[in-house]
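Dropping target-v1.txt in here (compact mmCIF, C-alpha atoms):
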# COMPACT_ATOMS: atom_id res chain seq x y z
CA MET A 20 54.67 136.28 108.82
CA PHE A 21 52.61 133.35 107.61
CA LYS A 22 53.33 134.42 104.10
CA GLU A 23 57.06 134.31 104.78
CA LEU A 24 56.77 130.87 106.33
CA TRP A 25 54.79 129.64 103.37
CA GLU A 26 57.35 131.10 100.99
CA SER A 27 60.27 129.45 102.72
CA PHE A 28 58.32 126.20 102.75
CA THR A 29 57.65 126.31 99.02
CA GLU A 30 61.27 127.29 98.47
CA ALA A 31 62.43 124.19 100.34
CA LEU A 32 60.04 122.05 98.30
CA GLU A 33 61.35 123.62 95.15
CA GLY A 34 64.93 122.86 96.20
CA LEU A 35 64.03 119.25 96.94
CA GLY A 36 62.34 118.94 93.58
CA SER A 37 65.31 120.29 91.70
CA VAL A 38 67.66 117.94 93.60
CA VAL A 39 65.50 114.99 92.56
CA HIS A 40 65.42 116.23 88.99
CA PHE A 41 69.20 116.62 89.04
CA LEU A 42 69.60 113.07 90.39
CA PHE A 43 67.39 111.83 87.58
CA ARG A 44 69.55 113.57 85.02
CA LEU A 45 72.69 112.08 86.56
CA VAL A 46 71.23 108.56 86.52
CA VAL A 47 70.09 108.91 82.91
CA ASN A 48 73.56 110.07 81.89
CA SER A 49 75.40 107.44 83.94
CA PRO A 50 75.46 104.56 81.39
CA ARG A 51 77.02 106.74 78.72
CA ALA A 52 79.53 108.15 81.21
CA LEU A 53 80.52 104.61 82.18
CA LEU A 54 81.84 104.12 78.66
CA ARG A 55 84.55 106.68 79.39
CA PHE A 56 85.76 104.97 82.48
CA SER A 57 89.08 106.83 82.63
CA LEU A 58 87.19 109.97 83.73
CA ILE A 59 85.48 108.06 86.55
CA SER A 60 88.70 106.36 87.53
CA GLN A 61 90.32 109.76 87.89
CA GLN A 62 87.49 110.87 90.17
CA ILE A 63 87.76 107.69 92.23
CA PHE A 64 91.39 108.62 92.65
CA ASN A 65 90.53 112.21 93.62
CA SER A 66 87.75 111.51 96.07
CA GLY A 67 88.71 108.01 97.21
CA ALA A 68 92.46 107.60 97.27
CA PHE A 69 93.06 111.12 98.57
CA SER A 70 90.61 110.53 101.44
CA LEU A 71 92.45 107.38 102.42
CA VAL A 72 94.82 108.94 104.94
CA ILE A 73 92.13 110.79 106.89
CA ILE A 74 89.84 107.73 106.79
CA MET A 75 92.53 105.37 108.02
CA LEU A 76 93.72 107.68 110.78
CA SER A 77 90.20 108.38 112.02
CA GLY A 78 89.33 104.68 111.79
CA LEU A 79 92.32 103.76 113.89
CA PHE A 80 91.47 106.25 116.62
CA VAL A 81 87.74 105.50 116.61
CA GLY A 82 88.58 101.81 116.95
CA MET A 83 91.03 102.47 119.77
CA VAL A 84 88.50 104.58 121.65
CA LEU A 85 85.89 101.85 121.17
CA GLY A 86 88.40 99.37 122.53
CA LEU A 87 89.05 101.48 125.63
CA GLN A 88 85.44 102.40 126.35
CA GLY A 89 84.13 98.95 125.54
CA PHE A 90 86.71 97.33 127.76
CA GLN A 91 85.90 99.68 130.62
CA LEU A 92 82.17 98.96 130.32
CA LEU A 93 82.38 95.21 129.73
CA GLN A 94 84.85 94.73 132.55
CA ARG A 95 82.12 95.67 135.02
CA PHE A 96 80.18 92.60 133.92
CA GLY A 97 83.27 90.45 133.69
CA SER A 98 82.81 89.83 129.99
CA GLU A 99 85.78 91.58 128.39
CA GLU A 100 85.84 88.82 125.77
CA ALA A 101 82.73 90.34 124.17
CA LEU A 102 84.84 93.38 123.25
CA GLY A 103 85.49 92.02 119.77
CA THR A 104 81.78 91.58 119.14
CA ALA A 105 80.85 94.97 120.52
CA ALA A 106 83.52 96.85 118.61
CA THR A 107 82.93 95.04 115.33
CA ILE A 108 79.16 95.40 115.35
CA GLY A 109 79.47 99.05 116.29
CA LEU A 110 82.01 99.72 113.57
CA VAL A 111 80.53 97.69 110.75
CA LYS A 112 76.93 98.75 111.22
CA GLU A 113 77.14 102.32 112.49
CA LEU A 114 80.44 104.06 112.94
CA GLY A 115 82.08 102.84 109.74
CA PRO A 116 79.45 104.10 107.29
CA VAL A 117 78.42 107.22 109.25
CA VAL A 118 81.82 108.58 110.24
CA THR A 119 83.22 107.77 106.81
CA ALA A 120 80.34 109.62 105.17
CA LEU A 121 80.82 112.64 107.44
CA LEU A 122 84.55 112.71 106.74
CA PHE A 123 83.89 112.17 103.05
CA ALA A 124 81.52 115.15 103.01
CA GLY A 125 84.21 117.24 104.65
CA ARG A 126 87.15 116.03 102.60
CA ALA A 127 85.81 115.11 99.15
CA GLY A 128 82.36 116.76 99.13
CA THR A 129 83.74 120.24 99.70
CA ALA A 130 86.41 119.69 97.05
CA LEU A 131 83.75 118.63 94.53
CA ALA A 132 81.44 121.53 95.35
CA SER A 133 84.13 124.19 95.19
CA GLU A 134 85.63 122.74 92.02
CA LEU A 135 82.29 122.74 90.21
CA GLY A 136 81.40 126.10 91.69
CA LEU A 137 84.63 127.61 90.39
CA MET A 138 84.01 126.05 86.98
CA ARG A 139 80.64 127.75 86.99
CA ALA A 140 82.12 131.05 88.24
CA THR A 141 84.87 131.07 85.61
CA ASP A 142 82.36 130.19 82.86
CA GLN A 143 84.00 126.85 82.05
CA ILE A 144 80.63 125.16 82.16
CA SER A 145 79.11 127.67 79.76
CA ALA A 146 82.13 127.23 77.49
CA MET A 147 81.50 123.49 77.38
CA GLU A 148 77.90 124.08 76.48
CA MET A 149 79.07 126.39 73.72
CA MET A 150 81.26 123.58 72.36
CA ALA A 151 78.28 121.20 72.44
CA VAL A 152 79.90 119.15 75.21
CA ASP A 153 77.33 118.17 77.79
CA PRO A 154 78.86 119.36 81.10
CA ILE A 155 76.63 116.99 83.05
CA GLN A 156 78.03 114.03 81.22
CA ARG A 157 81.61 115.23 80.91
CA VAL A 158 82.13 116.82 84.34
CA VAL A 159 79.34 116.11 86.79
CA VAL A 160 78.50 112.43 86.29
CA PRO A 161 82.10 111.16 86.60
CA ARG A 162 82.45 113.05 89.88
CA PHE A 163 79.15 111.70 91.14
CA LEU A 164 79.93 108.10 90.20
CA GLY A 165 83.45 108.38 91.56
CA GLY A 166 82.02 109.34 94.94
CA VAL A 167 79.39 106.59 94.85
CA ILE A 168 82.01 103.94 94.09
CA SER A 169 84.54 105.26 96.61
CA MET A 170 82.26 105.46 99.63
CA PRO A 171 81.61 101.73 100.33
CA LEU A 172 85.28 100.97 99.83
CA LEU A 173 86.30 103.76 102.20
CA ALA A 174 83.76 102.61 104.79
CA ALA A 175 85.04 99.04 104.58
CA ILE A 176 88.61 100.23 105.03
CA PHE A 177 87.50 102.38 107.97
CA SER A 178 85.83 99.41 109.66
CA VAL A 179 88.78 97.10 109.16
CA ILE A 180 91.27 99.64 110.51
CA GLY A 181 88.86 100.32 113.39
CA ILE A 182 88.68 96.63 114.27
CA TYR A 183 92.46 96.57 114.20
CA GLY A 184 92.51 99.59 116.55
CA ALA A 185 90.08 97.92 118.96
CA GLN A 186 92.16 94.78 118.84
CA LEU A 187 95.29 96.84 119.47
CA VAL A 188 93.88 98.40 122.63
CA GLY A 189 91.81 95.43 123.83
CA VAL A 190 94.20 92.57 123.18
CA GLN A 191 97.66 94.13 123.14
CA ILE A 192 97.27 96.72 125.88
CA MET A 193 94.36 95.64 128.08
CA GLY A 194 95.07 91.94 127.84
CA VAL A 195 91.80 90.52 126.53
CA ASP A 196 92.39 87.00 125.27
CA SER A 197 93.07 87.17 121.55
CA GLY A 198 91.38 83.84 120.76
CA SER A 199 88.09 84.67 122.42
CA PHE A 200 88.20 88.21 121.00
CA TRP A 201 88.11 86.84 117.45
CA SER A 202 86.01 83.71 117.99
CA GLN A 203 83.23 85.52 119.86
CA MET A 204 83.24 88.15 117.13
CA ARG A 205 82.90 85.50 114.44
CA ALA A 206 80.12 83.75 116.32
CA ALA A 207 78.10 86.91 116.89
CA VAL A 208 78.59 88.97 113.73
CA GLY A 209 76.47 87.79 110.83
CA LEU A 210 76.72 88.44 107.15
CA SER A 211 73.58 90.56 107.46
CA ASP A 212 75.45 93.03 109.69
CA VAL A 213 78.09 93.51 107.03
CA THR A 214 75.42 93.85 104.33
CA GLU A 215 73.67 96.52 106.36
CA GLY A 216 76.93 98.46 106.57
CA ILE A 217 77.50 98.18 102.83
CA VAL A 218 73.95 99.26 101.99
CA LYS A 219 74.31 102.23 104.32
CA SER A 220 77.58 103.35 102.82
CA LEU A 221 76.20 103.01 99.29
CA VAL A 222 73.18 105.17 100.17
CA PHE A 223 75.43 107.71 101.93
CA GLY A 224 77.71 107.69 98.89
CA VAL A 225 74.82 108.61 96.62
CA ALA A 226 73.52 111.26 99.05
CA CYS A 227 76.90 112.90 99.74
CA SER A 228 78.03 113.00 96.13
CA LEU A 229 74.66 114.21 94.93
CA ILE A 230 74.56 117.07 97.44
CA ALA A 231 78.14 118.11 96.70
CA VAL A 232 77.69 118.02 92.95
CA TYR A 233 74.33 119.77 93.07
CA GLN A 234 75.56 122.55 95.32
CA GLY A 235 78.64 123.08 93.17
CA TYR A 236 76.80 122.96 89.85
CA TYR A 237 74.13 125.44 90.91
CA ALA A 238 76.43 127.70 92.95
CA THR A 239 76.05 131.44 92.53
CA PRO A 240 78.95 132.27 90.19
CA THR A 241 80.77 134.55 92.63
CA ALA A 242 83.53 133.98 95.16
CA GLU A 243 80.95 134.32 97.92
CA GLY A 244 78.58 131.93 96.19
CA VAL A 245 81.23 129.21 95.90
CA GLY A 246 82.04 129.63 99.58
CA ARG A 247 78.38 129.33 100.48
CA ALA A 248 77.98 126.24 98.30
CA THR A 249 80.88 124.57 100.09
CA THR A 250 79.44 125.32 103.52
CA ARG A 251 76.00 124.13 102.49
CA THR A 252 77.47 120.90 101.17
CA VAL A 253 78.89 119.99 104.55
CA VAL A 254 75.87 121.05 106.58
CA THR A 255 73.27 119.41 104.34
CA SER A 256 75.33 116.25 103.95
CA ALA A 257 75.75 115.85 107.70
CA VAL A 258 72.04 116.25 108.41
CA VAL A 259 70.96 114.04 105.52
CA ILE A 260 73.45 111.31 106.47
CA LEU A 261 72.23 111.13 110.06
CA PHE A 262 68.59 111.20 108.97
CA LEU A 263 69.12 108.45 106.38
CA ASP A 264 71.09 106.47 108.94
CA TYR A 265 68.08 106.38 111.23
CA LEU A 266 65.80 105.34 108.36
CA ILE A 267 68.04 102.52 107.17
CA THR A 268 68.68 101.23 110.68
CA ALA A 269 64.93 101.11 111.31
CA ALA A 270 64.35 99.38 107.98
CA PHE A 271 66.93 96.69 108.77
CA LEU A 272 65.67 95.92 112.28
CA MET B 12 101.25 109.13 79.74
CA ARG B 13 103.38 108.94 82.85
CA LYS B 14 100.80 110.92 84.81
CA SER B 15 97.92 108.71 83.74
CA ARG B 16 99.94 105.65 84.73
CA THR B 17 100.51 106.80 88.31
CA LEU B 18 96.86 107.82 88.39
CA ASN B 19 95.70 104.39 87.30
CA LEU B 20 98.11 102.79 89.72
CA GLY B 21 96.73 104.89 92.57
CA THR B 22 93.11 104.21 91.65
CA GLY B 23 93.83 100.52 91.22
CA SER B 24 95.54 100.14 94.56
CA PHE B 25 92.77 102.10 96.30
CA VAL B 26 90.06 99.89 94.78
CA LEU B 27 92.07 96.78 95.59
CA LEU B 28 92.51 97.92 99.19
CA GLY B 29 88.78 98.62 99.43
CA PHE B 30 87.81 95.22 98.15
CA ALA B 31 90.38 93.56 100.39
CA ALA B 32 88.71 95.32 103.32
CA LEU B 33 85.27 94.16 102.18
CA PHE B 34 86.60 90.63 101.82
CA PHE B 35 88.07 90.77 105.32
CA LEU B 36 84.77 92.01 106.76
CA THR B 37 82.68 89.31 105.09
CA THR B 38 84.99 86.37 105.74
CA GLN B 39 87.04 87.13 108.83
CA THR B 40 84.55 88.85 111.12
CA THR B 41 81.52 86.69 110.34
CA SER B 42 80.93 83.04 111.03
CA ARG B 43 79.75 81.84 107.65
CA GLY B 44 81.52 83.93 105.11
CA LEU B 45 82.57 81.36 102.56
CA SER B 46 80.12 78.57 103.29
CA TRP B 47 78.71 78.48 99.76
CA PHE B 48 82.06 77.71 98.23
CA GLY B 49 83.67 76.26 101.30
CA PRO B 50 85.26 72.82 101.64
CA PRO B 51 83.41 69.75 100.32
CA HIS B 52 80.67 68.73 102.68
CA TYR B 53 77.67 66.47 103.21
CA GLU B 54 74.42 67.16 105.01
CA VAL B 55 72.66 65.14 107.67
CA THR B 56 69.52 65.88 109.67
CA ALA B 57 68.71 65.43 113.34
CA LYS B 58 65.36 65.82 115.11
CA PHE B 59 65.25 67.43 118.52
CA ASP B 60 62.39 67.88 120.98
CA ASN B 61 63.69 71.32 121.82
CA VAL B 62 66.56 73.22 120.26
CA GLY B 63 66.53 76.10 122.75
CA ASP B 64 68.15 79.13 121.21
CA LEU B 65 70.29 77.20 118.75
CA LYS B 66 71.12 79.47 115.82
CA VAL B 67 71.81 78.84 112.17
CA GLY B 68 75.59 78.95 111.78
CA ALA B 69 76.26 77.35 115.18
CA PRO B 70 79.20 74.96 115.17
CA VAL B 71 78.90 71.16 115.23
CA SER B 72 81.74 69.59 117.13
CA MET B 73 83.06 66.15 117.97
CA SER B 74 85.34 65.84 120.98
CA GLY B 75 85.59 69.63 120.88
CA VAL B 76 86.80 69.71 117.27
CA GLU B 77 84.61 71.61 114.84
CA VAL B 78 83.39 69.24 112.12
CA GLY B 79 80.58 71.29 110.61
CA ARG B 80 77.87 73.90 111.06
CA VAL B 81 74.12 74.15 111.47
CA THR B 82 72.67 75.33 108.16
CA ARG B 83 68.93 75.25 108.74
CA ILE B 84 66.41 74.79 111.54
CA ASP B 85 62.90 73.69 110.59
CA PHE B 86 59.81 72.52 112.41
CA ASP B 87 58.26 69.14 111.65
CA SER B 88 54.54 69.69 112.19
CA ASN B 89 53.75 65.94 112.10
CA GLU B 90 56.04 64.94 114.92
CA TYR B 91 56.16 68.36 116.64
CA LYS B 92 59.93 68.30 116.58
CA ALA B 93 62.64 70.64 115.41
CA VAL B 94 64.55 69.42 112.37
CA VAL B 95 68.13 70.63 112.29
CA LEU B 96 70.19 70.41 109.12
CA LEU B 97 73.89 69.86 109.81
CA ARG B 98 76.52 70.46 107.18
CA LEU B 99 79.53 68.32 107.96
CA ASN B 100 82.97 68.62 106.42
CA GLU B 101 83.75 65.81 103.96
CA ARG B 102 87.01 65.18 105.83
CA PHE B 103 85.02 63.77 108.73
CA ASN B 104 83.16 61.07 106.82
CA LYS B 105 83.64 58.25 109.31
CA ILE B 106 80.98 59.16 111.84
CA PRO B 107 79.02 56.02 112.85
CA THR B 108 75.29 56.04 112.07
CA ASP B 109 74.36 55.43 115.70
CA SER B 110 76.21 58.51 116.95
CA ASP B 111 74.19 60.81 119.14
CA ALA B 112 73.75 64.55 118.83
CA SER B 113 73.21 66.77 121.87
CA ILE B 114 72.84 70.50 122.22
CA TYR B 115 75.33 72.08 124.59
CA THR B 116 75.99 75.62 125.75
CA GLN B 117 79.30 77.38 125.22
CA GLY B 118 80.38 78.76 128.56
CA LEU B 119 77.79 79.70 131.13
CA LEU B 120 75.68 82.04 129.02
CA GLY B 121 77.28 81.54 125.62
CA GLY B 122 75.62 80.39 122.42
CA LYS B 123 74.44 76.84 121.79
CA PHE B 124 76.33 74.29 119.73
CA ILE B 125 75.78 70.67 118.73
CA GLY B 126 78.10 68.02 120.08
CA LEU B 127 78.32 64.63 118.36
CA THR B 128 79.38 61.56 120.31
CA ALA B 129 80.56 58.62 118.23
CA GLY B 130 78.61 55.38 118.40
CA GLY B 131 79.84 51.90 117.60
CA ALA B 132 78.20 51.01 114.30
CA ASP B 133 80.20 49.89 111.28
CA THR B 134 78.20 52.02 108.84
CA TYR B 135 78.92 55.70 108.55
CA LEU B 136 76.75 58.78 108.12
CA LYS B 137 76.47 59.99 104.56
CA ASP B 138 74.58 62.70 102.69
CA LYS B 139 70.86 62.94 103.61
CA SER B 140 71.08 60.42 106.47
CA GLN B 141 69.53 61.10 109.83
CA ILE B 142 70.92 61.03 113.35
CA ASP B 143 68.38 59.12 115.46
CA PHE B 144 69.73 59.60 118.94
CA THR B 145 69.36 63.18 120.03
CA GLN B 146 69.30 65.04 123.29
CA SER B 147 67.48 68.33 123.59
CA ALA B 148 68.87 71.65 124.63
CA PHE B 149 69.35 72.26 128.28
CA VAL B 150 66.91 75.06 129.02
CA LEU B 151 67.99 77.09 132.01
CA GLU B 152 64.44 78.19 132.87
CA ASN B 153 63.21 74.58 133.16
CA LEU B 154 66.08 73.73 135.46
CA ILE B 155 65.44 76.77 137.63
CA GLY B 156 61.77 75.81 137.73
CA GLN B 157 62.63 72.29 138.86
CA VAL B 158 65.06 73.51 141.48
CA LEU B 159 62.48 75.95 142.82
CA ALA B 160 59.80 73.23 142.90
CA ASN B 161 62.13 70.90 144.80
CA PHE B 162 63.11 73.71 147.12
CA THR B 163 59.56 74.65 148.04
CA LYS B 164 58.62 70.99 148.43
CA SER B 165 61.50 70.27 150.76
CA LYS B 166 60.71 73.41 152.70
CA ALA B 167 57.10 72.26 153.11
CA ASP B 168 58.38 68.87 154.25
CA GLU B 169 60.61 70.53 156.77
CA GLN B 170 57.85 72.69 158.19
CA ARG B 171 55.42 69.84 158.78
CA PRO B 172 57.51 67.75 161.16
CA ALA B 173 58.84 70.88 162.81
CA PRO B 174 56.04 71.25 165.45
CA ALA B 175 56.44 67.59 166.42
CA ASP B 176 60.11 68.17 166.91
CA SER B 177 59.53 71.17 169.15
CA LYS B 178 57.08 69.19 171.27
CA ALA B 179 59.62 66.43 171.58
CA THR B 180 62.22 68.86 172.75
CA GLU B 181 59.77 70.29 175.26
CA LYS B 182 59.06 66.84 176.58
CA THR B 183 62.68 66.11 177.11
CA LYS B 184 62.89 69.32 179.09
Could you express the structure from this file as structure tokens?
Amino acid sequence: MFKELWESFTEALEGLGSVVHFLFRLVVNSPRALLRFSLISQQIFNSGAFSLVIIMLSGLFVGMVLGLQGFQLLQRFGSEEALGTAATIGLVKELGPVVTALLFAGRAGTALASELGLMRATDQISAMEMMAVDPIQRVVVPRFLGGVISMPLLAAIFSVIGIYGAQLVGVQIMGVDSGSFWSQMRAAVGLSDVTEGIVKSLVFGVACSLIAVYQGYYATPTAEGVGRATTRTVVTSAVVILFLDYLITAAFL
Amino acid sequence: MRKSRTLNLGTGSFVLLGFAALFFLTTQTTSRGLSWFGPPHYEVTAKFDNVGDLKVGAPVSMSGVEVGRVTRIDFDSNEYKAVVLLRLNERFNKIPTDSDASIYTQGLLGGKFIGLTAGGADTYLKDKSQIDFTQSAFVLENLIGQVLANFTKSKADEQRPAPADSKATEKTK
């Protein structure tokens, strides 16, 4: 039994090592891939613009729920005006980056993993190698960079729509004064809060895209293997995002 | 060709939307988004005995109109005073040199801000000048302490003459 434990432990270490190695390869290949920006732009379109609808809808509803809950809670202390502050700080620092990253893993991460997995299963990647085209540079890096670039933008859009949702519920429906909603928010939210959100979403962007691309690239080339790679992408991404979120929050305190 | 055009259009509008959102977050939800390339301004200093919980970025107002912001709070170790750097909008360049600066509280428990009251001098504040007349922050704890001290003192005063009073009432009986 100890032997099995030890084996699974070394296996996990091995996996971690190969992920780091893969990341290193991606970073080394990134400058050259940047020269062919049309490939990256296409991936930004695939993973960013196509995620826009789900991000905006979720942002709106998260913001509206924050507006309702925040109003209910703050009303007990007679300080409904702080709703703007509460909702904005919550959205910009936590909910924006984290929920966006989780949705991104579900929407774009799975697409990346299954696409690469299918390429592997149908021998497209081997074919590229045969033609002396580096699949990492031609296929993997653009997808990785596309995800990294899309994530902060998506998180920012999520936060803005969320603030609009909170404003919609708080000001339009519940009757919080619009002037104090915005002015208290401006007085209490600092540039550092926004920076923290951006740093978080950048880190999540790297983590999510890396996991998706890695799982897809090294998927077992069978239908079952591609399915497993997709599932693993979502599960690993979710855990890693929440873990990193704790680390970054602690680092910024 | 057509396909790549719609693709570029889509990517472009997505990136534009993202940056618009980032711009909104940095400028509209925070207090000092564009201060480094904001309107023309000049800076004056003011020394306070106690700034309370005055924060960098707090507004500076005159008659309730915002004329600038607090950009830095330092400590002068020679005079044991807090040095506050105020960045005032160039539009408000006719503030007399003998104006006084006081620290007020927004609302009952709100943040602190600096209120300027115009003096009567003919010369005006300009860059790097100093406001000499200042009034420190109103610290709630000190006030509560004073009220409590007064309260206990007056209670002690009340208790001392009390026995005499009761004797007097007994005598009248």
task: Please identify every residue of chain B that has at least one atom no more than 7 Å from any atom of chain A, counting all atoms listed in the file, and report them as a PyMOL selection string.
output: chain B and resi 18+21-22+25+29-30+32-33+36-37+40-42+44
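Using only C-alpha atoms, the contacts of Val190 in chain A at a cut-off of 12 Å, with sequence neighbours closer than 4 positions omitted, comprise Met83, Gly86, Leu87, Phe90, Glu99, Glu100, Ala101, Leu102, Gly103, Ile182, Tyr183, Gly184, Ala185, Gln186, Gly194, Val195, Asp196, Ser197, Gly198, Ser199, Phe200 and Trp201 of chain A.
The shortest atom-to-atom distance to Asp133 in chain B, with all atoms listed in the file taken into account, belongs to B:Thr108 out of B:Thr17, B:Thr108, B:Asn161, B:Asn61.
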Could you give me, as an mmCIF file with C-alpha atoms, keeping the file's coordinate frame, the residues within 10 Å of Thr241 in chain A, counting all atoms listed in the file and dropping anything in the same chain fewer than 2 positions from it?
data_model
loop_
_atom_site.group_PDB
_atom_site.id
_atom_site.type_symbol
_atom_site.label_atom_id
_atom_site.label_comp_id
_atom_site.auth_asym_id
_atom_site.auth_seq_id
_atom_site.Cartn_x
_atom_site.Cartn_y
_atom_site.Cartn_z
ATOM 1 C CA GLY A 136 81.400 126.100 91.690
ATOM 2 C CA LEU A 137 84.630 127.610 90.390
ATOM 3 C CA ARG A 139 80.640 127.750 86.990
ATOM 4 C CA ALA A 140 82.120 131.050 88.240
ATOM 5 C CA THR A 141 84.870 131.070 85.610
ATOM 6 C CA ALA A 238 76.430 127.700 92.950
ATOM 7 C CA THR A 239 76.050 131.440 92.530
ATOM 8 C CA GLU A 243 80.950 134.320 97.920
ATOM 9 C CA GLY A 244 78.580 131.930 96.190
ATOM 10 C CA VAL A 245 81.230 129.210 95.900
ATOM 11 C CA GLY A 246 82.040 129.630 99.580
ATOM 12 C CA ARG A 247 78.380 129.330 100.480
#
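Using all atoms listed in the file, the shortest contact distance between Leu79 in chain A and any of A:Val38, A:Met193, A:Val222, A:Leu110 is found at A:Leu110.
The spacing separating CA of Leu221 in chain A from CA of Gln39 in chain B amounts to 21.5 Å.
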query: Quick one: distance from CA of Phe124 in chain B to CA of Ser72 in chain B in Å, one decimal?
result: 7.6 Å
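Around the point (89.5, 66.6, 102.8), within 9 Å and counting all atoms listed in the file, we find these residues: Pro50, Pro51, Asn100, Glu101, Arg102 and Phe103 of chain B.
Here CA of Gly115 in chain A is placed at a distance of 14.5 Å from CA of Tyr265 in chain A.
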